[in-house]
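Heads up, the thing below is written out as structure tokens.
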There are 4 protein chains.
Amino acid sequence: MNPLLSALAGDAEIDALLSDDAQLTAMLAVERALASASADVGWITNDAADSIGNAIAGFVPDRADLAAGMAQDGVVVPALVRQLRAAVAEPHRAALHKGATSQDVIDTALMLQLARVFDVYETRLAALLERLDALGVDAGPRPLLAHTRMQAALPTTWAAKIESWRAPLRRHLGALAAMRRMLLVVQLGGPVGDRGSFAGHGDSIASAMARRLDLGLAEPWQATRDPIVGLGNLLALISGALGKLGADVALLAQSEVGALRLEGAGGSSAMAHKANPVNAEILVALARSNAGLSGILGQAMVHEYERSGAAWTLEWLTLPPMLVTTGASLRLGVRLVEQIHLV
Amino acid sequence: MNPLLSALAGDAEIDALLSDDAQLTAMLAVERALASASADVGWITNDAADSIGNAIAGFVPDRADLAAGMAQDGVVVPALVRQLRAAVAEPHRAALHKGATSQDVIDTALMLQLARVFDVYETRLAALLERLDALGVDAGPRPLLAHTRMQAALPTTWAAKIESWRAPLRRHLGALAAMRRMLLVVQLGGPVGDRGSFAGHGDSIASAMARRLDLGLAEPWQATRDPIVGLGNLLALISGALGKLGADVALLAQSEVGALRLEGAGGSSAMAHKANPVNAEILVALARSNAGLSGILGQAMVHEYERSGAAWTLEWLTLPPMLVTTGASLRLGVRLVEQIHLV
Amino acid sequence: MNPLLSALAGDAEIDALLSDDAQLTAMLAVERALASASADVGWITNDAADSIGNAIAGFVPDRADLAAGMAQDGVVVPALVRQLRAAVAEPHRAALHKGATSQDVIDTALMLQLARVFDVYETRLAALLERLDALGVDAGPRPLLAHTRMQAALPTTWAAKIESWRAPLRRHLGALAAMRRMLLVVQLGGPVGDRGSFAGHGDSIASAMARRLDLGLAEPWQATRDPIVGLGNLLALISGALGKLGADVALLAQSEVGALRLEGAGGSSAMAHKANPVNAEILVALARSNAGLSGILGQAMVHEYERSGAAWTLEWLTLPPMLVTTGASLRLGVRLVEQIHLV
Amino acid sequence: MNPLLSALAGDAEIDALLSDDAQLTAMLAVERALASASADVGWITNDAADSIGNAIAGFVPDRADLAAGMAQDGVVVPALVRQLRAAVAEPHRAALHKGATSQDVIDTALMLQLARVFDVYETRLAALLERLDALGVDAGPRPLLAHTRMQAALPTTWAAKIESWRAPLRRHLGALAAMRRMLLVVQLGGPVGDRGSFAGHGDSIASAMARRLDLGLAEPWQATRDPIVGLGNLLALISGALGKLGADVALLAQSEVGALRLEGAGGSSAMAHKANPVNAEILVALARSNAGLSGILGQAMVHEYERSGAAWTLEWLTLPPMLVTTGASLRLGVRLVEQIHLV
């Protein structure tokens, strides 16, 4: 997303957590944890693990070579491992990445990145719920004309309206917490995903890696992507809940309805009197986008054989925009609730 | 779906559970439970509840009038209540549907229908897991050449392959059980969803209805549709897991790969030698369809005001095909696993 | 779609054109045209063509066997050809379907069905444009308060509003006409789509079939599905244009805006005063559904090898609901425009 | 898309044509053409147009202010016009952007950008067709075992295979040319899209702008977005055609099939013997992504009132990734065809 559009409908904080730099840092952490865990269980020597740790600590990547490797191999890890190996003192080079495959590094690094993203989401969801609680205290008992099927219906209260915004967000906050335990797990499978390349040490290395990286433990899941798609589904639910809030606010703020007024609404290049419910509209757009993207991500479930380059790349194309969109939904949701003034 | 296509890619059993008849039966059960619960708490008299119960017991709907009402009102309940009321002896007519709105009836009836659909899914998932277990016992230790990125990779075992098919299905079986508790709840909100029309009796009527209908209890959720969309997401995951199985089977059964053979594979009108992996292909098609449909269902999260006819109708257009598709995925998944013969 | 929902949001006329009966009739017409065309060019004898014509004229299908064949082979044609062959007098049985493959029959039959569907669409589009023209004559010069970004903006005219509804429909009517020429063509390729099975007669048979069936002529297209996906895209544009009309009408008919009133609007089971813009809402739902379905249909472009059962079945799951949805959009669009009364 | 992923699956050339800089340049060209055209017809003075031209020629934007304006107003033009106006010598400031609205500038600027994007597409499509022609000359008569429903079928020729890749691309090249005439048109409507703000000069200003910008002429289309969605549909068809090519190549290059070999295929971090069909896989991923994105873009057809911030923003979120994806499909398609060596 271009910087200008991102200022409106993106999320710089999530962008940073998903940047190439962030991914590189996470991948290096994974290689280091793999080496340490491998030494823990005697799969490589302690000297090798130290050597690898030192190499990683001082590693300066050749980014052009990484990009070329990515274009060539479809995954950045072969080039990265090549560069890293050159920085490891012999005879320890073979101990780097020993038994592992590219996907082990990338999927586990993603989990490290997602843990930070979840932090942001939880903070914003909590802030949003707090503001909705405050709005409820303030506005709750006040009457509000309910509308059904786009027609004025009967009086209800602001309390009921606000609760309809809050209830799904509370559910999603709970789902995020549950997903931390279920989703944020180590990937360690080796070339074909059965840990066969670790000569019997795979389970204990995975366990040690999980401890060191503060991730959960799981059987290899390189070709069973339902947890990733499940994450996408939750992201779409979060954006969807905020899209509903946005739609309601845009309707309630209509000139002719006037049930609320937005502080600091958007201006027009041609009509000075306009107070456009910009953030409300963007929330609707983000909801529709994330819902549709979840339908694309779901296509990645059809993962051929032990690893599908097509399905996996489809995740890379789809999940990051969904994560940013969700962040933007939460960012703008907080802002929009702050803008609401009951009339 | 036409009968011919349904024989291939549909599900007659799920069709029946979602038919107009099944919905009508469920709606009548809801109206009866509402009346009984309303009598329980003194919102209507016991005589009225009995009268309503009798009317429902002997009710024969005028289907043409229901269809006309559906086209006119966008929802069948106004016509249904009109017909039912005519069958209730006075002075009890006003007690029928008292305080309730169309959506209370339709959403709660859907929950009753879904409970039966979940029964079917769970039975089939269990059968599928059993057959995969059996295949694992039989085939597990046998070697299998793994493939990554559509290229032969390294040897693995059938055990690892079968586990990659089984693991997501086990997760989804657990998710279905969890969804029974979370999703299958009463809807009772009245015209604008705040139970205001029940003069303070709403919570206790909802509670009594839940008991009588063997559903969970929940606050009104008429405009917060994340549980429905969440169900759709789970359906897409189930079809997706089976689409992965289908893709694997179609690849492993290729003439040139020949890692398995399918008993009773499909024939061709022009090539007598063909043994087409029809069920495997259909599983892929169903997975792609359900994934995309979940992206459509997610659009229904943007639910305007207290009830959106547009968003709600979008659910009706989308969820039933998803439920049928999921049933078909499970039906064909069981059959396909039975067809597998290792070579 | 169930009959009740179909009364609201479906299309009985399109359903009939896409029914199993209609498909069977079309497939028989294709087999007959293939036989006649084959005789025309000497690929089979005139006696054989006559025999086949007689068998088809008196053919009564065994539907249970067709359904079983569909489930077994993934396509109904092998069973159909088996049944038909049994009805052809020897020595002419081998002349039936000679050189052809299932897909030749099904795709060409679909074109015959689509030609009738296009008739319906064009009639309705013309009726819709006529009603919009009439509304424009009546209402055009009258002022209307324009709204941008959900806020009252500046005065415009009803003429401008009506033209914004009409312009895309005019374009789509033109696109339908163009698609008749481009899309409605014979499929004749034989088992692997290169006409190799016709021993040099393929091109002339295809040409004769096209003439006899009043379809266009084309190279085999069994694995290049862009024309089908392109049709789906047009269908989504039609539903989308009417979804925009529906959204506008629902907004303009809001209780607080009141720029128009709908004759015969929908009623509520709980609120007697409601005049719900049901048809407008359904148009929005249909637009969202068809847009999403076009994104599913597009997945069928990735058609493996010379014929993909997965991709082709995905078309069967997706295109018929899109055709019905489009029909429903047009049906309800005409009705909605008739309901509009300016205030 | 991050730079690393972009090296694999993105398109730097299209990125540049859609960058903030490119958009800013195009918007300035539109404001300048509007001023010149307005002077042509006497809506502003020639002195004013000169003054505006000078201001634009020397304009250095305050990007932080533009971003802030974007976030505030939902559209960058109000801030841009404010900055530009400050650079215009009085008494000519009011002549800048006179009668126009933000959308006039943004939509018309998009058309200028799209014209350049189309240039790139056409060049690449031509290159791709040329390489396929060359491959056909080389390989055409050679036999190839055809596969249907993922099973070996009968012999065909490479010529037929190559033609199945080429035919859709030829159609899409024609469709692009047609779209130049239909889609690449001036947007000029003023605040509510009826040219009412130009006091009768609107049509002639639009006509002069079209001439000056080398765009087509059209009635205002600010709320009728079918041409934009139609573009998205074509983009998905292009990516889809190349996804089919990618799927075929990945299948034909399978270790066990070996009908072709890819020069310079991708390597693995763990398996030195692998020759991964990376570009083929990416083409499949891009096809699935673009197909799904077209289903999201279609949601933007439901454009409320005279301008929907929600629907319009949804276009901004969706169309640029589609344009980049299409560019990447073509880029990788050319490369993949070059990599093909028949075995």
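Please note that chains go A, B, ... in the order of the structure tokens, that every chain numbers its residues from 1, and that ligands are numbered from 1 in the order shown.
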
Which residues, written as a ChimeraX atom specification, have at least one atom at most 8 Å from Val77 of chain B, with only C-alpha atoms counted and residues fewer than 2 positions away on the same chain left out?
-> /B:70,75,79-81,102,105-106 /C:269

DSSP-assigned strand (DSSP E) among segment 62-227 of chain A, expressed as a ChimeraX atom specification | /A:143-148,151-157

8 Å contacts from chain A to chain C using only C-alpha atoms, as number ranges by chain | A: 149-153, 250-251, 254-257, 271, 274-278, 281, 292

Take the selection from the previous step and output its residues with all heavy atoms, as a CSV table (one decimal), in the first residue's frame.
chain,number,residue,atom,x,y,z
A,149,ARG,N,-34.3,-2.9,8.6
A,149,ARG,CA,-34.5,-2.9,7.2
A,149,ARG,C,-34.5,-1.5,6.6
A,149,ARG,O,-35.4,-1.2,5.8
A,149,ARG,CB,-35.8,-3.7,6.8
A,149,ARG,CG,-35.8,-5.2,7.3
A,149,ARG,CD,-36.8,-6.0,6.6
A,149,ARG,NE,-36.2,-6.5,5.4
A,149,ARG,CZ,-36.1,-7.8,5.0
A,149,ARG,NH1,-36.7,-8.7,5.8
A,149,ARG,NH2,-35.6,-8.2,3.9
A,150,MET,N,-33.6,-0.7,7.1
A,150,MET,CA,-33.5,0.7,6.6
A,150,MET,C,-34.7,1.6,6.9
A,150,MET,O,-34.8,2.6,6.2
A,150,MET,CB,-33.1,0.7,5.1
A,150,MET,CG,-31.7,0.0,4.9
A,150,MET,SD,-30.3,1.0,5.6
A,150,MET,CE,-30.2,2.3,4.4
A,151,GLN,N,-35.5,1.2,7.8
A,151,GLN,CA,-36.7,2.1,8.1
A,151,GLN,C,-36.7,2.3,9.6
A,151,GLN,O,-36.3,1.4,10.4
A,151,GLN,CB,-38.0,1.4,7.7
A,151,GLN,CG,-38.2,1.3,6.2
A,151,GLN,CD,-38.6,2.6,5.6
A,151,GLN,OE1,-39.6,3.2,6.0
A,151,GLN,NE2,-37.8,3.1,4.7
A,152,ALA,N,-37.1,3.5,10.0
A,152,ALA,CA,-37.3,3.8,11.4
A,152,ALA,C,-38.3,2.7,12.0
A,152,ALA,O,-39.3,2.4,11.4
A,152,ALA,CB,-37.9,5.2,11.6
A,153,ALA,N,-37.9,2.2,13.2
A,153,ALA,CA,-38.7,1.1,13.8
A,153,ALA,C,-39.4,1.6,15.1
A,153,ALA,O,-40.4,2.2,15.0
A,153,ALA,CB,-37.8,-0.1,14.0
A,250,ALA,N,-22.1,5.7,10.2
A,250,ALA,CA,-22.3,6.5,9.0
A,250,ALA,C,-23.8,6.8,8.8
A,250,ALA,O,-24.3,7.8,8.4
A,250,ALA,CB,-21.8,5.8,7.7
A,251,LEU,N,-24.6,5.8,9.1
A,251,LEU,CA,-26.1,5.9,9.0
A,251,LEU,C,-26.6,6.9,10.1
A,251,LEU,O,-27.5,7.7,9.8
A,251,LEU,CB,-26.8,4.5,9.1
A,251,LEU,CG,-26.6,3.6,7.9
A,251,LEU,CD1,-27.0,2.2,8.3
A,251,LEU,CD2,-27.4,4.1,6.7
A,254,GLN,N,-26.0,10.5,9.4
A,254,GLN,CA,-26.6,11.1,8.2
A,254,GLN,C,-27.2,12.5,8.5
A,254,GLN,O,-27.8,12.7,9.6
A,254,GLN,CB,-27.7,10.3,7.6
A,254,GLN,CG,-27.2,9.0,6.9
A,254,GLN,CD,-28.3,8.2,6.4
A,254,GLN,OE1,-28.7,8.2,5.2
A,254,GLN,NE2,-29.0,7.4,7.2
A,255,SER,N,-27.1,13.4,7.6
A,255,SER,CA,-27.7,14.8,7.8
A,255,SER,C,-29.1,14.7,8.2
A,255,SER,O,-29.6,15.4,9.1
A,255,SER,CB,-27.6,15.6,6.5
A,255,SER,OG,-26.4,15.4,5.8
A,256,GLU,N,-29.9,13.7,7.6
A,256,GLU,CA,-31.3,13.7,7.9
A,256,GLU,C,-31.6,12.9,9.2
A,256,GLU,O,-32.8,13.0,9.7
A,256,GLU,CB,-32.1,13.0,6.7
A,256,GLU,CG,-32.1,13.8,5.5
A,256,GLU,CD,-30.9,13.5,4.6
A,256,GLU,OE1,-29.9,12.9,5.1
A,256,GLU,OE2,-30.8,14.0,3.4
A,257,VAL,N,-30.7,12.1,9.7
A,257,VAL,CA,-31.0,11.3,10.9
A,257,VAL,C,-30.4,12.0,12.1
A,257,VAL,O,-31.1,12.2,13.1
A,257,VAL,CB,-30.3,9.9,10.7
A,257,VAL,CG1,-30.5,9.1,12.0
A,257,VAL,CG2,-31.0,9.1,9.6
A,271,MET,N,-17.2,21.3,-1.3
A,271,MET,CA,-18.4,21.6,-0.5
A,271,MET,C,-18.0,21.9,1.0
A,271,MET,O,-17.8,20.9,1.8
A,271,MET,CB,-19.5,20.5,-0.5
A,271,MET,CG,-20.0,20.3,-2.0
A,271,MET,SD,-21.1,18.9,-2.1
A,271,MET,CE,-19.8,17.6,-2.3
A,274,LYS,N,-19.6,20.2,4.2
A,274,LYS,CA,-19.6,18.7,4.5
A,274,LYS,C,-18.9,18.3,5.7
A,274,LYS,O,-17.8,18.9,6.0
A,274,LYS,CB,-19.0,18.0,3.3
A,274,LYS,CG,-19.8,18.1,2.0
A,274,LYS,CD,-21.1,17.3,2.0
A,274,LYS,CE,-21.0,15.8,2.1
A,274,LYS,NZ,-20.3,15.2,1.0
A,275,ALA,N,-19.4,17.4,6.4
A,275,ALA,CA,-18.7,16.7,7.6
A,275,ALA,C,-18.8,15.2,7.3
A,275,ALA,O,-19.7,14.5,7.7
A,275,ALA,CB,-19.3,17.1,8.9
A,276,ASN,N,-17.8,14.8,6.5
A,276,ASN,CA,-17.9,13.4,6.0
A,276,ASN,C,-17.4,12.4,7.1
A,276,ASN,O,-16.4,12.6,7.7
A,276,ASN,CB,-17.0,13.2,4.8
A,276,ASN,CG,-17.6,14.0,3.6
A,276,ASN,OD1,-18.8,14.1,3.5
A,276,ASN,ND2,-16.7,14.6,2.8
A,277,PRO,N,-18.2,11.3,7.2
A,277,PRO,CA,-17.9,10.3,8.2
A,277,PRO,C,-16.8,9.3,7.7
A,277,PRO,O,-17.0,8.1,7.5
A,277,PRO,CB,-19.2,9.5,8.4
A,277,PRO,CG,-19.8,9.6,7.0
A,277,PRO,CD,-19.4,11.0,6.5
A,278,VAL,N,-15.6,9.9,7.4
A,278,VAL,CA,-14.5,9.2,6.7
A,278,VAL,C,-14.1,7.9,7.4
A,278,VAL,O,-14.1,6.9,6.8
A,278,VAL,CB,-13.3,10.2,6.5
A,278,VAL,CG1,-12.1,9.4,6.0
A,278,VAL,CG2,-13.7,11.3,5.6
A,281,GLU,N,-16.6,5.2,7.0
A,281,GLU,CA,-16.6,4.6,5.7
A,281,GLU,C,-15.4,3.7,5.4
A,281,GLU,O,-15.5,2.6,4.8
A,281,GLU,CB,-16.5,5.8,4.6
A,281,GLU,CG,-17.8,6.6,4.6
A,281,GLU,CD,-17.6,7.7,3.5
A,281,GLU,OE1,-16.7,8.6,3.8
A,281,GLU,OE2,-18.3,7.8,2.5
A,292,GLY,N,-13.4,-10.6,2.0
A,292,GLY,CA,-13.0,-11.2,0.7
A,292,GLY,C,-11.6,-11.8,0.7
A,292,GLY,O,-11.4,-12.9,0.2

DSSP on the backbone: what in segment 111-266 of chain D comes out helix (DSSP H, G or I), as number ranges by chain?
-> D: 111-139, 158-183, 196-198, 202-213, 226-252

Near Asp50 of chain C, within 12 Å and counting only C-alpha atoms, which residues show up once chain neighbours fewer than 6 positions away are dropped, as an MDAnalysis selection string?
-> chainID C and resid 32:40 44 56:57 88:89 92:93 95:96

Expected file: the selected residues, N, CA and C atoms, as a PDB file, in the first residue's frame:
ATOM      1  N   ARG C  32     -27.745 -35.267 -31.495  1.00  0.00           N
ATOM      2  CA  ARG C  32     -28.413 -35.357 -32.797  1.00  0.00           C
ATOM      3  C   ARG C  32     -27.686 -34.497 -33.839  1.00  0.00           C
ATOM      4  N   ALA C  33     -27.333 -33.292 -33.458  1.00  0.00           N
ATOM      5  CA  ALA C  33     -26.625 -32.411 -34.397  1.00  0.00           C
ATOM      6  C   ALA C  33     -25.258 -32.989 -34.754  1.00  0.00           C
ATOM      7  N   LEU C  34     -24.611 -33.602 -33.773  1.00  0.00           N
ATOM      8  CA  LEU C  34     -23.328 -34.238 -34.047  1.00  0.00           C
ATOM      9  C   LEU C  34     -23.497 -35.358 -35.068  1.00  0.00           C
ATOM     10  N   ALA C  35     -24.541 -36.157 -34.881  1.00  0.00           N
ATOM     11  CA  ALA C  35     -24.776 -37.258 -35.823  1.00  0.00           C
ATOM     12  C   ALA C  35     -25.069 -36.711 -37.223  1.00  0.00           C
ATOM     13  N   SER C  36     -25.957 -35.735 -37.283  1.00  0.00           N
ATOM     14  CA  SER C  36     -26.311 -35.168 -38.586  1.00  0.00           C
ATOM     15  C   SER C  36     -25.090 -34.543 -39.247  1.00  0.00           C
ATOM     16  N   ALA C  37     -24.340 -33.778 -38.474  1.00  0.00           N
ATOM     17  CA  ALA C  37     -23.154 -33.125 -39.027  1.00  0.00           C
ATOM     18  C   ALA C  37     -22.138 -34.175 -39.470  1.00  0.00           C
ATOM     19  N   SER C  38     -22.043 -35.245 -38.688  1.00  0.00           N
ATOM     20  CA  SER C  38     -21.095 -36.308 -39.049  1.00  0.00           C
ATOM     21  C   SER C  38     -21.507 -36.977 -40.349  1.00  0.00           C
ATOM     22  N   ALA C  39     -22.810 -37.115 -40.535  1.00  0.00           N
ATOM     23  CA  ALA C  39     -23.288 -37.672 -41.803  1.00  0.00           C
ATOM     24  C   ALA C  39     -23.050 -36.687 -42.944  1.00  0.00           C
ATOM     25  N   ASP C  40     -23.273 -35.418 -42.667  1.00  0.00           N
ATOM     26  CA  ASP C  40     -23.034 -34.381 -43.681  1.00  0.00           C
ATOM     27  C   ASP C  40     -21.650 -34.538 -44.322  1.00  0.00           C
ATOM     28  N   ILE C  44     -20.021 -40.514 -40.531  1.00  0.00           N
ATOM     29  CA  ILE C  44     -20.901 -41.660 -40.310  1.00  0.00           C
ATOM     30  C   ILE C  44     -21.875 -41.698 -41.494  1.00  0.00           C
ATOM     31  N   ILE C  56     -33.089 -40.822 -30.527  1.00  0.00           N
ATOM     32  CA  ILE C  56     -33.175 -39.623 -29.682  1.00  0.00           C
ATOM     33  C   ILE C  56     -34.611 -39.129 -29.607  1.00  0.00           C
ATOM     34  N   ALA C  57     -35.301 -39.178 -30.743  1.00  0.00           N
ATOM     35  CA  ALA C  57     -36.686 -38.677 -30.768  1.00  0.00           C
ATOM     36  C   ALA C  57     -37.564 -39.445 -29.782  1.00  0.00           C
ATOM     37  N   VAL C  88     -30.318 -47.305 -30.036  1.00  0.00           N
ATOM     38  CA  VAL C  88     -29.988 -47.187 -31.460  1.00  0.00           C
ATOM     39  C   VAL C  88     -29.916 -48.597 -32.057  1.00  0.00           C
ATOM     40  N   ALA C  89     -30.524 -48.744 -33.231  1.00  0.00           N
ATOM     41  CA  ALA C  89     -30.487 -50.055 -33.877  1.00  0.00           C
ATOM     42  C   ALA C  89     -29.080 -50.332 -34.393  1.00  0.00           C
ATOM     43  N   HIS C  92     -25.597 -49.355 -35.980  1.00  0.00           N
ATOM     44  CA  HIS C  92     -25.308 -47.918 -35.927  1.00  0.00           C
ATOM     45  C   HIS C  92     -24.880 -47.416 -34.553  1.00  0.00           C
ATOM     46  N   ARG C  93     -24.814 -48.314 -33.590  1.00  0.00           N
ATOM     47  CA  ARG C  93     -24.512 -47.834 -32.226  1.00  0.00           C
ATOM     48  C   ARG C  93     -23.180 -47.104 -32.138  1.00  0.00           C
ATOM     49  N   ALA C  95     -21.813 -45.334 -34.176  1.00  0.00           N
ATOM     50  CA  ALA C  95     -21.837 -44.012 -34.829  1.00  0.00           C
ATOM     51  C   ALA C  95     -22.293 -42.909 -33.878  1.00  0.00           C
ATOM     52  N   LEU C  96     -22.991 -43.305 -32.824  1.00  0.00           N
ATOM     53  CA  LEU C  96     -23.433 -42.307 -31.836  1.00  0.00           C
ATOM     54  C   LEU C  96     -22.214 -41.799 -31.080  1.00  0.00           C
TER      55      LEU C  96
END

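Within 9 Å of segment 12-18 of chain C there are B:Asn2, C:Ser6, C:Ala7, C:Gln23, C:Leu110, C:Gln113, C:Leu114, C:Arg116, C:Val117, C:Val120, C:Pro320, C:Leu323, C:Val324, C:Gly327, C:Ala328, counting only C-alpha atoms and ignoring same-chain residues fewer than 5 positions away.
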
Take the residues from that selection and write them out as a short mmCIF file (atom, residue, chain, number, x, y, z; two decimals), in the first residue's frame, keeping all heavy atoms.
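This went into out_6.cif:
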data_model
loop_
_atom_site.label_atom_id
_atom_site.label_comp_id
_atom_site.auth_asym_id
_atom_site.auth_seq_id
_atom_site.Cartn_x
_atom_site.Cartn_y
_atom_site.Cartn_z
N ASN B 2 -29.20 -28.79 -9.00
CA ASN B 2 -30.05 -29.77 -9.67
C ASN B 2 -29.79 -31.18 -9.14
O ASN B 2 -28.68 -31.47 -8.69
CB ASN B 2 -29.76 -29.76 -11.17
CG ASN B 2 -30.34 -28.54 -11.85
OD1 ASN B 2 -31.28 -27.94 -11.33
ND2 ASN B 2 -29.78 -28.18 -12.99
N SER C 6 -36.58 -18.96 -3.01
CA SER C 6 -36.63 -18.66 -4.44
C SER C 6 -37.75 -17.68 -4.76
O SER C 6 -37.61 -16.84 -5.66
CB SER C 6 -36.79 -19.96 -5.24
OG SER C 6 -36.84 -19.68 -6.61
N ALA C 7 -38.85 -17.78 -4.03
CA ALA C 7 -39.95 -16.84 -4.26
C ALA C 7 -39.51 -15.40 -3.99
O ALA C 7 -40.01 -14.46 -4.59
CB ALA C 7 -41.14 -17.20 -3.36
N GLN C 23 -31.25 -29.44 -19.51
CA GLN C 23 -29.91 -29.87 -19.91
C GLN C 23 -29.99 -31.15 -20.75
O GLN C 23 -29.29 -31.29 -21.76
CB GLN C 23 -29.03 -30.11 -18.69
CG GLN C 23 -27.56 -30.34 -19.09
CD GLN C 23 -26.70 -30.89 -17.96
OE1 GLN C 23 -27.20 -31.49 -17.02
NE2 GLN C 23 -25.40 -30.67 -18.09
N LEU C 110 -24.64 -26.51 -22.88
CA LEU C 110 -24.71 -25.29 -22.06
C LEU C 110 -24.92 -24.06 -22.93
O LEU C 110 -25.68 -23.16 -22.58
CB LEU C 110 -23.41 -25.16 -21.24
CG LEU C 110 -23.26 -23.87 -20.43
CD1 LEU C 110 -24.35 -23.78 -19.35
CD2 LEU C 110 -21.89 -23.79 -19.77
N GLN C 113 -28.46 -23.77 -23.81
CA GLN C 113 -29.23 -23.28 -22.66
C GLN C 113 -28.99 -21.79 -22.44
O GLN C 113 -29.91 -21.02 -22.15
CB GLN C 113 -28.85 -24.07 -21.41
CG GLN C 113 -29.21 -25.55 -21.48
CD GLN C 113 -28.71 -26.30 -20.25
OE1 GLN C 113 -27.61 -26.83 -20.25
NE2 GLN C 113 -29.51 -26.33 -19.20
N LEU C 114 -27.73 -21.39 -22.57
CA LEU C 114 -27.41 -19.97 -22.34
C LEU C 114 -28.10 -19.06 -23.36
O LEU C 114 -28.49 -17.94 -23.03
CB LEU C 114 -25.89 -19.76 -22.40
CG LEU C 114 -25.10 -20.28 -21.20
CD1 LEU C 114 -23.60 -20.04 -21.42
CD2 LEU C 114 -25.55 -19.61 -19.90
N ARG C 116 -31.03 -19.33 -24.46
CA ARG C 116 -32.39 -19.05 -23.94
C ARG C 116 -32.31 -18.12 -22.74
O ARG C 116 -33.16 -17.24 -22.57
CB ARG C 116 -33.09 -20.35 -23.55
CG ARG C 116 -33.31 -21.38 -24.67
CD ARG C 116 -34.34 -20.93 -25.71
NE ARG C 116 -33.82 -19.95 -26.64
CZ ARG C 116 -32.98 -20.23 -27.65
NH1 ARG C 116 -32.58 -21.45 -27.88
NH2 ARG C 116 -32.56 -19.24 -28.44
N VAL C 117 -31.31 -18.34 -21.91
CA VAL C 117 -31.15 -17.47 -20.73
C VAL C 117 -30.89 -16.04 -21.19
O VAL C 117 -31.45 -15.08 -20.63
CB VAL C 117 -30.01 -18.00 -19.84
CG1 VAL C 117 -29.66 -17.00 -18.75
CG2 VAL C 117 -30.39 -19.35 -19.22
N VAL C 120 -34.01 -14.22 -22.03
CA VAL C 120 -34.72 -13.70 -20.85
C VAL C 120 -34.05 -12.43 -20.34
O VAL C 120 -34.71 -11.43 -20.04
CB VAL C 120 -34.77 -14.77 -19.74
CG1 VAL C 120 -35.39 -14.20 -18.48
CG2 VAL C 120 -35.53 -16.00 -20.22
N PRO C 320 -24.37 -21.78 -12.45
CA PRO C 320 -25.84 -21.77 -12.35
C PRO C 320 -26.39 -20.83 -11.28
O PRO C 320 -27.30 -20.04 -11.59
CB PRO C 320 -26.18 -23.24 -12.08
CG PRO C 320 -25.04 -24.01 -12.69
CD PRO C 320 -23.83 -23.15 -12.44
N LEU C 323 -26.25 -17.41 -12.72
CA LEU C 323 -27.26 -17.14 -13.75
C LEU C 323 -28.62 -16.87 -13.10
O LEU C 323 -29.36 -15.97 -13.52
CB LEU C 323 -27.34 -18.32 -14.71
CG LEU C 323 -26.11 -18.53 -15.62
CD1 LEU C 323 -26.11 -19.92 -16.23
CD2 LEU C 323 -26.06 -17.47 -16.72
N VAL C 324 -28.95 -17.65 -12.08
CA VAL C 324 -30.22 -17.44 -11.38
C VAL C 324 -30.21 -16.09 -10.65
O VAL C 324 -31.19 -15.34 -10.69
CB VAL C 324 -30.48 -18.60 -10.41
CG1 VAL C 324 -31.69 -18.31 -9.53
CG2 VAL C 324 -30.67 -19.90 -11.18
N GLY C 327 -30.77 -13.37 -13.06
CA GLY C 327 -32.18 -13.32 -13.42
C GLY C 327 -33.02 -12.68 -12.33
O GLY C 327 -33.89 -11.84 -12.60
N ALA C 328 -32.75 -13.06 -11.09
CA ALA C 328 -33.49 -12.49 -9.97
C ALA C 328 -33.24 -10.99 -9.86
O ALA C 328 -34.15 -10.21 -9.57
CB ALA C 328 -33.11 -13.21 -8.68
#

Might you pull out every residue within 10 Å of segment 140-145 of chain C, with only C-alpha atoms counted and same-chain residues fewer than 2 positions away left off, and present them as a PyMOL selection string?
-> (chain C and resi 133-138+147+152-163+252+257+259+342) or (chain D and resi 192+306)

D:Ala87, D:Met301, D:Leu169, D:Ala67 ranked by distance to Arg124 of chain D, top pick (using only C-alpha atoms) =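 Closest candidate: D:Leu169.
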